[in-house]
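Visitor: Input file: target-v6.txt. Contents: compact mmCIF, C-alpha atoms.
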```txt
# COMPACT_ATOMS: atom_id res chain seq x y z
CA MET A 13 0.00 0.00 0.00
CA GLY A 14 2.81 2.36 0.98
CA ALA A 15 4.56 1.70 -2.34
CA ALA A 16 1.43 2.59 -4.32
CA LEU A 17 0.87 5.80 -2.36
CA LEU A 18 4.51 6.85 -2.70
CA SER A 19 4.46 6.06 -6.43
CA LEU A 20 1.40 8.26 -6.85
CA ILE A 21 2.97 11.15 -4.94
CA GLY A 22 6.18 10.68 -6.95
CA THR A 23 4.16 10.80 -10.19
CA LEU A 24 2.60 14.10 -9.12
CA VAL A 25 5.98 15.62 -8.15
CA ALA A 26 7.61 14.49 -11.42
CA THR A 27 4.63 15.82 -13.43
CA TYR A 28 4.94 19.17 -11.64
CA LEU A 29 8.65 19.36 -12.50
CA TYR A 30 8.00 18.32 -16.11
CA LEU A 31 5.36 21.04 -16.57
CA PHE A 32 7.88 23.52 -15.12
CA LYS A 33 10.45 22.26 -17.61
CA LEU A 34 7.94 22.82 -20.43
CA GLY A 35 7.37 26.36 -19.20
CA LEU A 36 3.70 25.77 -18.38
CA ILE A 37 4.39 26.64 -14.74
CA PRO A 38 6.54 29.78 -14.44
CA GLY A 39 7.80 29.22 -10.92
CA LEU A 40 7.80 26.36 -8.45
CA ALA A 41 6.13 26.71 -5.07
CA CYS A 42 8.64 26.87 -2.18
CA GLY A 43 11.47 27.02 -4.69
CA THR A 44 14.82 28.61 -4.00
CA GLY A 45 15.62 29.31 -7.60
CA GLY A 46 17.84 26.26 -7.77
CA CYS A 47 15.25 24.27 -9.71
CA GLY A 48 15.55 26.69 -12.63
CA THR A 49 19.33 26.27 -12.63
CA VAL A 50 19.09 22.48 -12.34
CA GLN A 51 16.41 22.22 -15.03
CA ALA A 52 18.45 24.35 -17.41
CA SER A 53 21.64 22.34 -16.87
CA PRO A 54 22.85 19.59 -19.23
CA TRP A 55 22.04 17.03 -16.50
CA ALA A 56 18.32 17.78 -16.81
CA THR A 57 18.21 15.58 -19.91
CA PHE A 58 19.21 11.96 -20.23
CA ALA A 59 19.48 10.19 -23.59
CA GLY A 60 17.72 13.19 -25.16
CA LEU A 61 14.75 12.96 -22.79
CA PRO A 62 13.96 15.39 -19.97
CA VAL A 63 14.80 13.75 -16.64
CA ALA A 64 11.44 14.92 -15.23
CA LEU A 65 9.62 13.04 -18.01
CA ILE A 66 11.65 9.91 -17.24
CA GLY A 67 10.53 10.39 -13.62
CA VAL A 68 6.85 10.58 -14.65
CA VAL A 69 7.12 7.36 -16.68
CA GLY A 70 9.16 5.57 -13.98
CA TYR A 71 6.79 6.49 -11.16
CA LEU A 72 3.76 5.50 -13.26
CA ALA A 73 5.39 2.10 -13.92
CA CYS A 74 6.02 1.70 -10.18
CA LEU A 75 2.39 2.69 -9.47
CA GLY A 76 1.17 0.10 -11.95
CA LEU A 77 3.37 -2.63 -10.43
CA ALA A 78 2.33 -1.70 -6.89
CA LEU A 79 -1.37 -1.84 -7.82
CA ILE A 80 -0.90 -5.16 -9.60
CA GLY A 81 0.90 -6.48 -6.50
CA LEU A 82 -2.06 -5.49 -4.33
CA GLN A 83 -4.38 -7.58 -6.52
CA GLN A 84 -2.16 -10.65 -6.54
CA GLU A 85 -1.48 -13.42 -4.08
CA GLY A 86 1.41 -15.83 -3.52
CA GLU A 87 3.93 -16.47 -6.31
CA ARG A 88 2.44 -13.92 -8.71
CA ARG A 89 2.66 -11.17 -6.13
CA HIS A 90 6.22 -12.23 -5.40
CA TRP A 91 7.12 -11.49 -9.04
CA SER A 92 5.38 -8.12 -9.21
CA ASP A 93 7.06 -7.10 -5.94
CA ALA A 94 10.44 -8.25 -7.29
CA LEU A 95 9.91 -6.11 -10.40
CA LEU A 96 8.89 -3.16 -8.25
CA LEU A 97 12.01 -3.62 -6.11
CA GLY A 98 14.23 -3.79 -9.21
CA GLY A 99 12.58 -0.77 -10.83
CA SER A 100 12.73 1.37 -7.70
CA ALA A 101 16.37 0.34 -7.12
CA VAL A 102 17.22 1.62 -10.61
CA GLY A 103 15.30 4.79 -9.70
CA VAL A 104 17.39 5.21 -6.53
CA LEU A 105 20.63 4.85 -8.51
CA PHE A 106 19.42 7.32 -11.15
CA THR A 107 18.31 9.81 -8.51
CA GLY A 108 21.58 9.33 -6.63
CA TRP A 109 23.46 10.29 -9.77
CA LEU A 110 21.26 13.38 -10.22
CA THR A 111 21.74 14.40 -6.58
CA TYR A 112 25.51 14.04 -7.03
CA ALA A 113 25.23 16.26 -10.14
CA GLU A 114 23.32 18.89 -8.14
CA ALA A 115 25.89 18.88 -5.34
CA VAL A 116 29.11 18.72 -7.33
CA LEU A 117 28.57 19.56 -10.99
CA ILE A 118 25.72 22.09 -11.01
CA ASP A 119 26.25 23.50 -7.51
CA ALA A 120 22.53 24.22 -7.08
CA TRP A 121 19.86 22.46 -5.07
CA CYS A 122 16.29 21.90 -6.21
CA ARG A 123 13.99 21.11 -3.26
CA TRP A 124 11.51 19.25 -5.44
CA CYS A 125 14.28 17.06 -6.85
CA ILE A 126 15.43 16.26 -3.31
CA GLY A 127 11.81 15.49 -2.43
CA SER A 128 11.67 13.07 -5.33
CA ALA A 129 14.93 11.46 -4.15
CA VAL A 130 13.39 10.89 -0.70
CA ILE A 131 10.20 9.45 -2.26
CA ILE A 132 12.04 6.98 -4.50
CA SER A 133 14.25 5.90 -1.56
CA LEU A 134 11.22 5.25 0.65
CA LEU A 135 9.51 3.50 -2.25
CA CYS A 136 12.50 1.22 -2.68
CA LEU A 137 12.49 0.48 1.05
CA CYS A 138 8.76 -0.38 0.95
CA ALA A 139 9.33 -2.63 -2.06
CA LEU A 140 12.22 -4.38 -0.28
CA LEU A 141 10.14 -4.99 2.85
CA GLY A 142 7.21 -6.22 0.76
CA TRP A 143 9.42 -8.54 -1.26
CA ARG A 144 11.14 -9.95 1.85
CA SER A 145 7.83 -10.61 3.58
CA LEU A 146 6.66 -12.71 0.64
CA ARG A 147 9.96 -14.53 0.03
CA PRO A 148 9.42 -18.29 0.43
CA ALA A 149 10.92 -19.65 3.65
CA PRO A 150 14.11 -21.66 3.08
CA MET B 8 -11.83 -16.64 7.37
CA HIS B 9 -14.68 -15.11 5.46
CA THR B 10 -14.73 -12.22 7.96
CA ILE B 11 -10.98 -11.58 7.63
CA ASP B 12 -11.29 -11.47 3.83
CA GLY B 13 -14.24 -9.13 4.19
CA GLN B 14 -12.30 -6.81 6.49
CA ARG B 15 -9.32 -6.87 4.14
CA GLY B 16 -11.61 -6.03 1.24
CA LEU B 17 -13.05 -3.10 3.15
CA GLY B 18 -9.57 -1.88 4.06
CA MET B 19 -8.45 -2.11 0.42
CA LYS B 20 -11.51 -0.20 -0.69
CA LYS B 21 -10.68 2.62 1.71
CA PHE B 22 -7.09 2.60 0.49
CA TYR B 23 -8.19 2.90 -3.15
CA TYR B 24 -10.42 5.81 -2.15
CA LEU B 25 -7.39 7.40 -0.47
CA LEU B 26 -5.35 6.93 -3.66
CA VAL B 27 -8.09 8.52 -5.76
CA VAL B 28 -8.38 11.47 -3.35
CA VAL B 29 -4.59 12.03 -3.33
CA GLY B 30 -4.49 11.77 -7.13
CA VAL B 31 -7.40 14.13 -7.69
CA VAL B 32 -6.19 16.71 -5.14
CA GLY B 33 -2.62 16.59 -6.50
CA ALA B 34 -3.77 16.87 -10.12
CA GLY B 35 -6.11 19.70 -9.09
CA VAL B 36 -3.31 21.67 -7.41
CA ILE B 37 -1.04 21.24 -10.44
CA GLY B 38 -3.87 22.12 -12.83
CA TRP B 39 -4.69 25.21 -10.78
CA GLN B 40 -1.03 26.30 -10.96
CA VAL B 41 -1.02 25.91 -14.74
CA MET B 42 -4.36 27.66 -15.24
CA SER B 43 -3.64 30.54 -12.87
CA THR B 44 -0.34 31.37 -14.52
CA LYS B 45 -0.55 34.96 -15.59
CA THR B 46 0.99 35.67 -18.94
CA VAL B 47 3.18 38.72 -19.10
CA SER B 48 3.99 40.41 -22.36
CA ILE B 49 5.84 43.64 -22.78
CA PRO B 50 4.33 45.56 -25.68
CA ALA B 51 6.46 47.13 -28.38
CA ASN B 52 5.48 50.34 -30.18
CA VAL B 53 3.79 51.80 -27.13
CA THR B 54 3.26 55.54 -27.13
CA VAL B 55 5.96 57.04 -24.98
CA THR B 56 4.73 59.55 -22.46
CA ALA B 57 6.71 62.08 -20.43
CA ALA B 58 6.05 60.03 -17.32
CA ASP B 59 7.82 57.02 -18.88
CA THR B 60 11.16 58.77 -18.88
CA ALA B 61 10.73 61.26 -16.04
CA GLY B 62 13.93 61.19 -14.01
CA PHE B 63 15.31 58.26 -15.96
CA HIS B 64 18.38 58.76 -18.12
CA GLY B 65 19.52 55.15 -18.44
CA TYR B 66 21.07 52.77 -15.94
CA MET B 67 24.14 54.59 -14.68
CA ILE B 68 27.25 53.43 -12.92
CA GLY B 69 30.39 55.37 -12.11
CA SER B 70 31.25 58.81 -10.82
CA ASP B 71 28.94 61.74 -11.61
CA THR B 72 32.05 63.87 -12.11
CA ALA B 73 33.75 61.45 -14.51
CA PRO B 74 35.22 63.36 -17.48
CA VAL B 75 33.76 60.98 -20.07
CA THR B 76 30.30 59.43 -20.39
CA ILE B 77 29.77 56.29 -22.45
CA VAL B 78 26.25 55.29 -23.39
CA GLU B 79 25.83 51.66 -24.38
CA TYR B 80 22.78 50.64 -26.43
CA ALA B 81 22.28 46.92 -26.00
CA ASP B 82 19.85 44.03 -26.25
CA PHE B 83 19.91 41.27 -23.63
CA GLN B 84 19.20 38.58 -26.23
CA CYS B 85 21.96 39.73 -28.57
CA PRO B 86 24.94 37.31 -28.51
CA ALA B 87 27.43 40.11 -29.27
CA CYS B 88 26.14 42.08 -26.27
CA GLN B 89 26.49 38.96 -24.13
CA ASP B 90 30.03 38.55 -25.41
CA PHE B 91 30.83 42.17 -24.56
CA ASP B 92 29.35 41.76 -21.09
CA ALA B 93 31.29 38.56 -20.40
CA VAL B 94 34.65 39.43 -21.96
CA GLN B 95 35.09 43.21 -22.11
CA TRP B 96 32.86 44.64 -19.39
CA PRO B 97 34.86 43.37 -16.35
CA GLU B 98 38.02 45.05 -17.69
CA VAL B 99 36.15 48.16 -18.82
CA TYR B 100 34.62 48.48 -15.38
CA GLU B 101 37.93 47.98 -13.60
CA GLN B 102 40.02 50.25 -15.83
CA LEU B 103 37.58 53.02 -16.73
CA VAL B 104 34.54 53.08 -14.44
CA ALA B 105 36.12 52.17 -11.10
CA THR B 106 38.98 54.61 -11.74
CA GLY B 107 36.55 57.51 -12.14
CA LYS B 108 37.38 58.15 -15.79
CA VAL B 109 34.03 57.08 -17.17
CA ARG B 110 30.41 57.23 -16.16
CA TRP B 111 28.73 54.28 -17.91
CA VAL B 112 25.10 54.50 -19.03
CA TYR B 113 23.31 51.37 -20.18
CA LYS B 114 20.24 51.76 -22.40
CA ASP B 115 17.87 49.25 -23.96
CA TRP B 116 17.72 48.84 -27.69
CA PRO B 117 15.53 45.79 -28.46
CA ILE B 118 15.81 44.06 -31.82
CA ASP B 119 12.24 42.83 -31.87
CA GLY B 120 12.25 40.79 -35.06
CA ALA B 121 15.17 38.57 -34.10
CA HIS B 122 14.94 38.61 -30.31
CA ARG B 123 11.44 37.79 -29.17
CA TYR B 124 12.27 37.76 -25.44
CA ALA B 125 14.45 40.89 -25.44
CA ARG B 126 11.77 43.25 -24.10
CA LEU B 127 10.74 40.76 -21.44
CA ALA B 128 14.39 40.52 -20.31
CA MET B 129 14.72 44.32 -20.38
CA HIS B 130 11.57 44.68 -18.32
CA ALA B 131 12.81 42.05 -15.87
CA ALA B 132 15.97 44.13 -15.40
CA ALA B 133 13.93 47.36 -15.09
CA CYS B 134 11.85 45.76 -12.32
CA ALA B 135 15.07 44.70 -10.58
CA ASP B 136 16.23 48.32 -10.94
CA ASP B 137 13.15 49.42 -8.98
CA GLN B 138 14.75 47.55 -6.08
CA GLY B 139 18.22 48.95 -6.74
CA ARG B 140 19.41 45.68 -8.28
CA PHE B 141 19.81 46.45 -11.98
CA TRP B 142 23.52 45.64 -12.27
CA PRO B 143 23.45 42.20 -10.64
CA MET B 144 20.30 41.40 -12.64
CA LYS B 145 21.95 42.54 -15.87
CA ALA B 146 24.96 40.33 -15.12
CA ARG B 147 22.74 37.33 -14.45
CA ILE B 148 20.52 37.82 -17.51
CA TYR B 149 23.58 37.98 -19.76
CA ALA B 150 25.37 35.11 -18.00
CA TYR B 151 22.36 32.81 -18.46
CA GLN B 152 21.39 34.05 -21.93
CA THR B 153 21.53 30.53 -23.41
CA GLN B 154 19.10 29.31 -20.73
CA TRP B 155 16.27 31.73 -21.42
CA ALA B 156 16.79 32.67 -25.08
CA PHE B 157 15.38 29.31 -26.15
CA GLY B 158 12.58 27.03 -24.99
CA GLY B 159 9.82 28.18 -22.69
CA GLY B 160 9.28 29.51 -19.19
CA GLN B 161 11.19 32.78 -19.65
CA LEU B 162 9.18 34.61 -16.99
CA GLY B 163 9.90 31.89 -14.44
CA LYS B 164 13.59 31.96 -15.27
CA PHE B 165 13.79 35.74 -14.85
CA ARG B 166 11.87 35.39 -11.59
CA ASP B 167 14.49 32.88 -10.42
CA TYR B 168 17.26 35.36 -11.26
CA ALA B 169 15.41 38.11 -9.38
CA ARG B 170 15.21 35.80 -6.37
CA GLU B 171 18.85 34.77 -6.67
CA ILE B 172 20.07 38.37 -6.58
CA GLY B 173 18.14 38.91 -3.36
CA GLY B 174 15.17 40.80 -4.78
CA ASP B 175 11.65 40.95 -3.36
CA VAL B 176 9.93 38.51 -5.71
CA GLY B 177 6.38 39.63 -4.86
CA GLN B 178 7.20 43.23 -5.73
CA TRP B 179 9.05 42.08 -8.86
CA ASN B 180 6.01 39.99 -9.95
CA SER B 181 3.68 42.96 -9.57
CA CYS B 182 6.07 45.13 -11.57
CA MET B 183 6.25 42.55 -14.38
CA GLU B 184 2.48 42.08 -14.52
CA SER B 185 1.96 45.84 -14.76
CA ALA B 186 4.42 46.13 -17.71
CA LYS B 187 4.95 49.64 -16.38
CA HIS B 188 8.41 50.07 -17.90
CA ALA B 189 7.36 49.24 -21.47
CA GLY B 190 7.33 52.95 -22.32
CA ARG B 191 10.80 53.48 -20.88
CA ILE B 192 12.20 50.66 -23.04
CA GLN B 193 10.51 52.08 -26.10
CA ALA B 194 11.85 55.57 -25.31
CA SER B 195 15.42 54.21 -25.16
CA TYR B 196 14.86 52.44 -28.46
CA GLU B 197 13.52 55.55 -30.18
CA GLU B 198 16.37 57.64 -28.80
CA GLY B 199 18.86 55.14 -30.23
CA VAL B 200 17.16 55.25 -33.63
CA ARG B 201 17.38 59.05 -33.65
CA LEU B 202 21.10 58.83 -32.90
CA GLY B 203 21.70 56.34 -35.70
CA VAL B 204 21.93 53.06 -33.78
CA GLN B 205 21.39 50.20 -36.20
CA SER B 206 22.76 47.24 -34.30
CA THR B 207 23.81 46.20 -30.83
CA PRO B 208 25.94 46.85 -28.98
CA SER B 209 26.51 50.45 -30.00
CA PHE B 210 28.35 53.04 -27.94
CA LEU B 211 27.95 56.78 -27.81
CA ILE B 212 31.26 58.28 -26.72
CA GLY B 213 31.96 62.00 -26.79
CA GLY B 214 29.10 62.62 -29.21
CA ARG B 215 30.29 59.99 -31.67
CA LEU B 216 28.53 56.69 -32.24
CA TYR B 217 30.61 53.50 -32.38
CA LEU B 218 28.82 50.47 -33.82
CA GLY B 219 29.66 46.92 -32.77
CA VAL B 220 31.66 45.40 -29.94
CA GLN B 221 34.50 47.62 -28.74
CA GLY B 222 37.42 45.98 -27.01
CA SER B 223 38.46 47.26 -23.60
CA ASP B 224 41.83 48.45 -25.01
CA GLN B 225 40.05 50.34 -27.78
CA LEU B 226 37.69 51.98 -25.28
CA ARG B 227 40.55 52.90 -22.98
CA HIS B 228 42.42 54.47 -25.87
CA THR B 229 39.34 56.48 -26.93
CA VAL B 230 38.66 57.63 -23.37
CA ASP B 231 42.29 58.62 -22.76
CA SER B 232 42.25 60.63 -26.02
CA LEU B 233 39.10 62.46 -24.99
CA ILE B 234 40.49 63.22 -21.54
CA ALA B 235 43.76 64.51 -23.04
CA ALA B 236 41.87 66.74 -25.46
CA ARG B 237 39.76 68.34 -22.73
CA PRO B 238 40.50 72.02 -22.06
CA ARG B 239 42.12 72.38 -18.66
CA ALA B 240 40.51 74.57 -16.03
CA GLY B 241 42.00 78.03 -15.68
CA GLY B 242 43.54 78.42 -19.09
CA PRO B 243 43.74 77.39 -22.70
CA PRO B 244 44.69 73.83 -23.69
CA ARG B 245 48.33 73.15 -22.96
CA ALA B 246 50.55 72.86 -26.01
CA GLU B 247 51.91 69.40 -26.63
CA THR B 248 55.65 69.20 -26.01
CA ARG B 249 57.97 66.50 -27.18
```
Represent the structure from my file as structure tokens, please.

Guide:
Amino acid sequence: MGAALLSLIGTLVATYLYLFKLGLIPGLACGTGGCGTVQASPWATFAGLPVALIGVVGYLACLGLALIGLQQEGERRHWSDALLLGGSAVGVLFTGWLTYAEAVLIDAWCRWCIGSAVIISLLCLCALLGWRSLRPAP
Amino acid sequence: MHTIDGQRGLGMKKFYYLLVVVGVVGAGVIGWQVMSTKTVSIPANVTVTAADTAGFHGYMIGSDTAPVTIVEYADFQCPACQDFDAVQWPEVYEQLVATGKVRWVYKDWPIDGAHRYARLAMHAAACADDQGRFWPMKARIYAYQTQWAFGGGQLGKFRDYAREIGGDVGQWNSCMESAKHAGRIQASYEEGVRLGVQSTPSFLIGGRLYLGVQGSDQLRHTVDSLIAARPRAGGPPRAETR
């Protein structure tokens, strides 16, 4: 349940950042100005795609997997939880790289990006706990 | 067993309701932000009134008693102006303005056809000037020219710069929405046209117009020549001796 809720919140945060990137939202609430610097930096795109858009797609995939997991039982749920754990772990690594870029390469902090980093970390933790609880006993 | 399943089903139902509520509220807040975004446009070809230029003679820096005044006509979206600001201006400031030789006056000269965000940038700087922050805003707008000259969200980017230089963002927003400095920008443009400005940057030095980027050495040479040619107080110009 926690994973689904976190995925939904993450989707909303990533969508907010993506709309800001598109210029549909002129300024972010509670921003420090760092989000504009981060979004305009070369690290705001990955493989030609805006990082915020990758976040929207990633969080939606996690939301889908979390909802599927809630509908499943036994072995099937074990697989959906394993996929969610793998996906969120990739998300943590990706976000870790972006946070490193903010700290060292861009030298600007975006509060919403840090919020997303916290969300994906908690999501990964939830997925790990869910996966471990369903792991067959040895 | 049946009861436990029933309770679980009820709990899941409540959870799905919670998800829907969070999703709808979140989407609503984001949608509201998008819909309530006020568009700001700075009109060109406005009729200039006396009030637009009352007490304003350009953005000035340097000593009031400096022997030479240089007026720069520039466009924030012009790459040559950005180049001048990044490469020449620090030396010009150090060698001519800070030494008291030159009083520098910066004036807007938007090239509307080619630079669609120039007036918005100029107005952003004018609103920063209302808070005594023109020069740091000018530096930031030029430094980040490649960020805002393309793509979208220019107003948000300028707002970020205003925040980063320590400005009052609420006051800056109100200033931008009012477009109150549109006439001042237009007045500077028309003044430049009358003087013969055709491109940016252009410099008015000692009554003569210099078109295009001037190097700091060139400017120093021109300024030193003008200072040397000035009549000295208390008598006729001193004869040159070798």

Visitor: To test the calculation: enclose all listed atoms of region 176-195 of chain B in a box whose edges run along x, y and z, add 5 Å on each side, then state centre and edge lengths in Å to one decimal, as AutoDock Vina command-line options.

Guide:
```
--center_x 8.7 --center_y 47.0 --center_z -15.5 --size_x 23.5 --size_y 27.1 --size_z 31.2
```

Visitor: Write out as a list in words every residue belonging to chain B that has an atom at most 8 Å from any atom of chain A, counting only C-alpha atoms.

Guide: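 Result: Phe22, Leu26, Val29, Gly30, Gly33, Ala34, Ile37, Gln40, Val41, Thr44, Gln154, Gly158, Gly159, Gly160, Gln161, Leu162, Gly163, Lys164, Arg166, Asp167, Tyr168, Arg170 and Glu171 of chain B.
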
Visitor: Quote the spacing between CA of Ile68 (chain B) and CA of Trp142 (chain B) in Å to one decimal place.

Guide: 8.7 Å

Visitor: Ranking A:Leu97, A:Ala26, A:Asp119, A:Ala129 by minimum distance to Gly70 (chain A) and counting only C-alpha atoms, which one comes first?

Guide: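 Between A:Leu97, A:Ala26, A:Asp119, A:Ala129, the residue approaching Gly70 (chain A) most closely is A:Ala26.
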
Visitor: Let me make sure I understand: among A:Thr111, A:Ser19, A:Gln84, A:Ser92, which one has the smallest atom-to-atom distance to Trp124 (chain A) if we use only C-alpha atoms?

Guide: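 Looking at the shortest contact to Trp124 (chain A), the residue is A:Thr111.
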
Visitor: Mind giving me the straight-line distance from CA of Val102 (chain A) to CA of Leu141 (chain A) in Å, one decimal?

Guide: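 Taking CA of Val102 (chain A) and CA of Leu141 (chain A), their separation equals 16.6 Å.
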
Visitor: Could you please determine the separation between CA of Ala81 (chain B) and CA of Thr207 (chain B) in Å, to one decimal place?

Guide: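 Pair CA of Ala81 (chain B) / CA of Thr207 (chain B) returns 5.1 Å.
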
Visitor: Nearest to Asp71 (chain B): which of B:Ala51, B:Ala87, B:Ala58, B:Val109 is it, counting only C-alpha atoms?

Guide: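 Using only C-alpha atoms, Asp71 (chain B) sits closest to B:Val109.
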
Visitor: Which is closer to Val220 (chain B) than all the others in B:Trp179, B:Tyr196, B:Trp96, B:Tyr149, using all atoms listed in the file?

Guide: B:Trp96

Visitor: Could you check which residues have any atom within 6 Å of (12.9, 35.4, -25.5), counting all atoms listed in the file with coordinates taken straight from the file, and then list them as a list in words?

Guide: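 Residues found, by chain and rising number: Arg123, Tyr124, Ala125 and Ala156 of chain B.
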
Visitor: Just want the 7 Å neighbourhood of region 183-194 of chain B, counted on only C-alpha atoms, with same-chain residues fewer than 4 positions away dropped. Output as a list in words.

Guide: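 Non-adjacent residues within range: Val47, Ile49, Pro50, Ala51, Asn52, Val53, Thr54, Val55, Asp59, Thr60, Asp115, His130, Ala131, Ala133, Cys134, Trp179 and Glu198 of chain B.
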
Visitor: At a cut-off of 12 Å, using only C-alpha atoms, what residues contact Gly222 (chain B)? Leave out same-chain residues fewer than 5 positions from it and give the result as a PyMOL selection string.

Guide: chain B and resi 87-88+90-99+208+210+217+227-229

Visitor: With distances taken over only C-alpha atoms, which of A:Ile66, A:Leu61, A:Cys136, A:Leu117 is nearest to Ala94 (chain A)?

Guide: A:Cys136

Visitor: Give me the residues within 8 Å of Gly22 (chain A) as a PyMOL selection string, counting all atoms listed in the file and dropping any in the same chain fewer than 4 places off.

Guide: chain A and resi 18+26+67-68+71+128+131-132
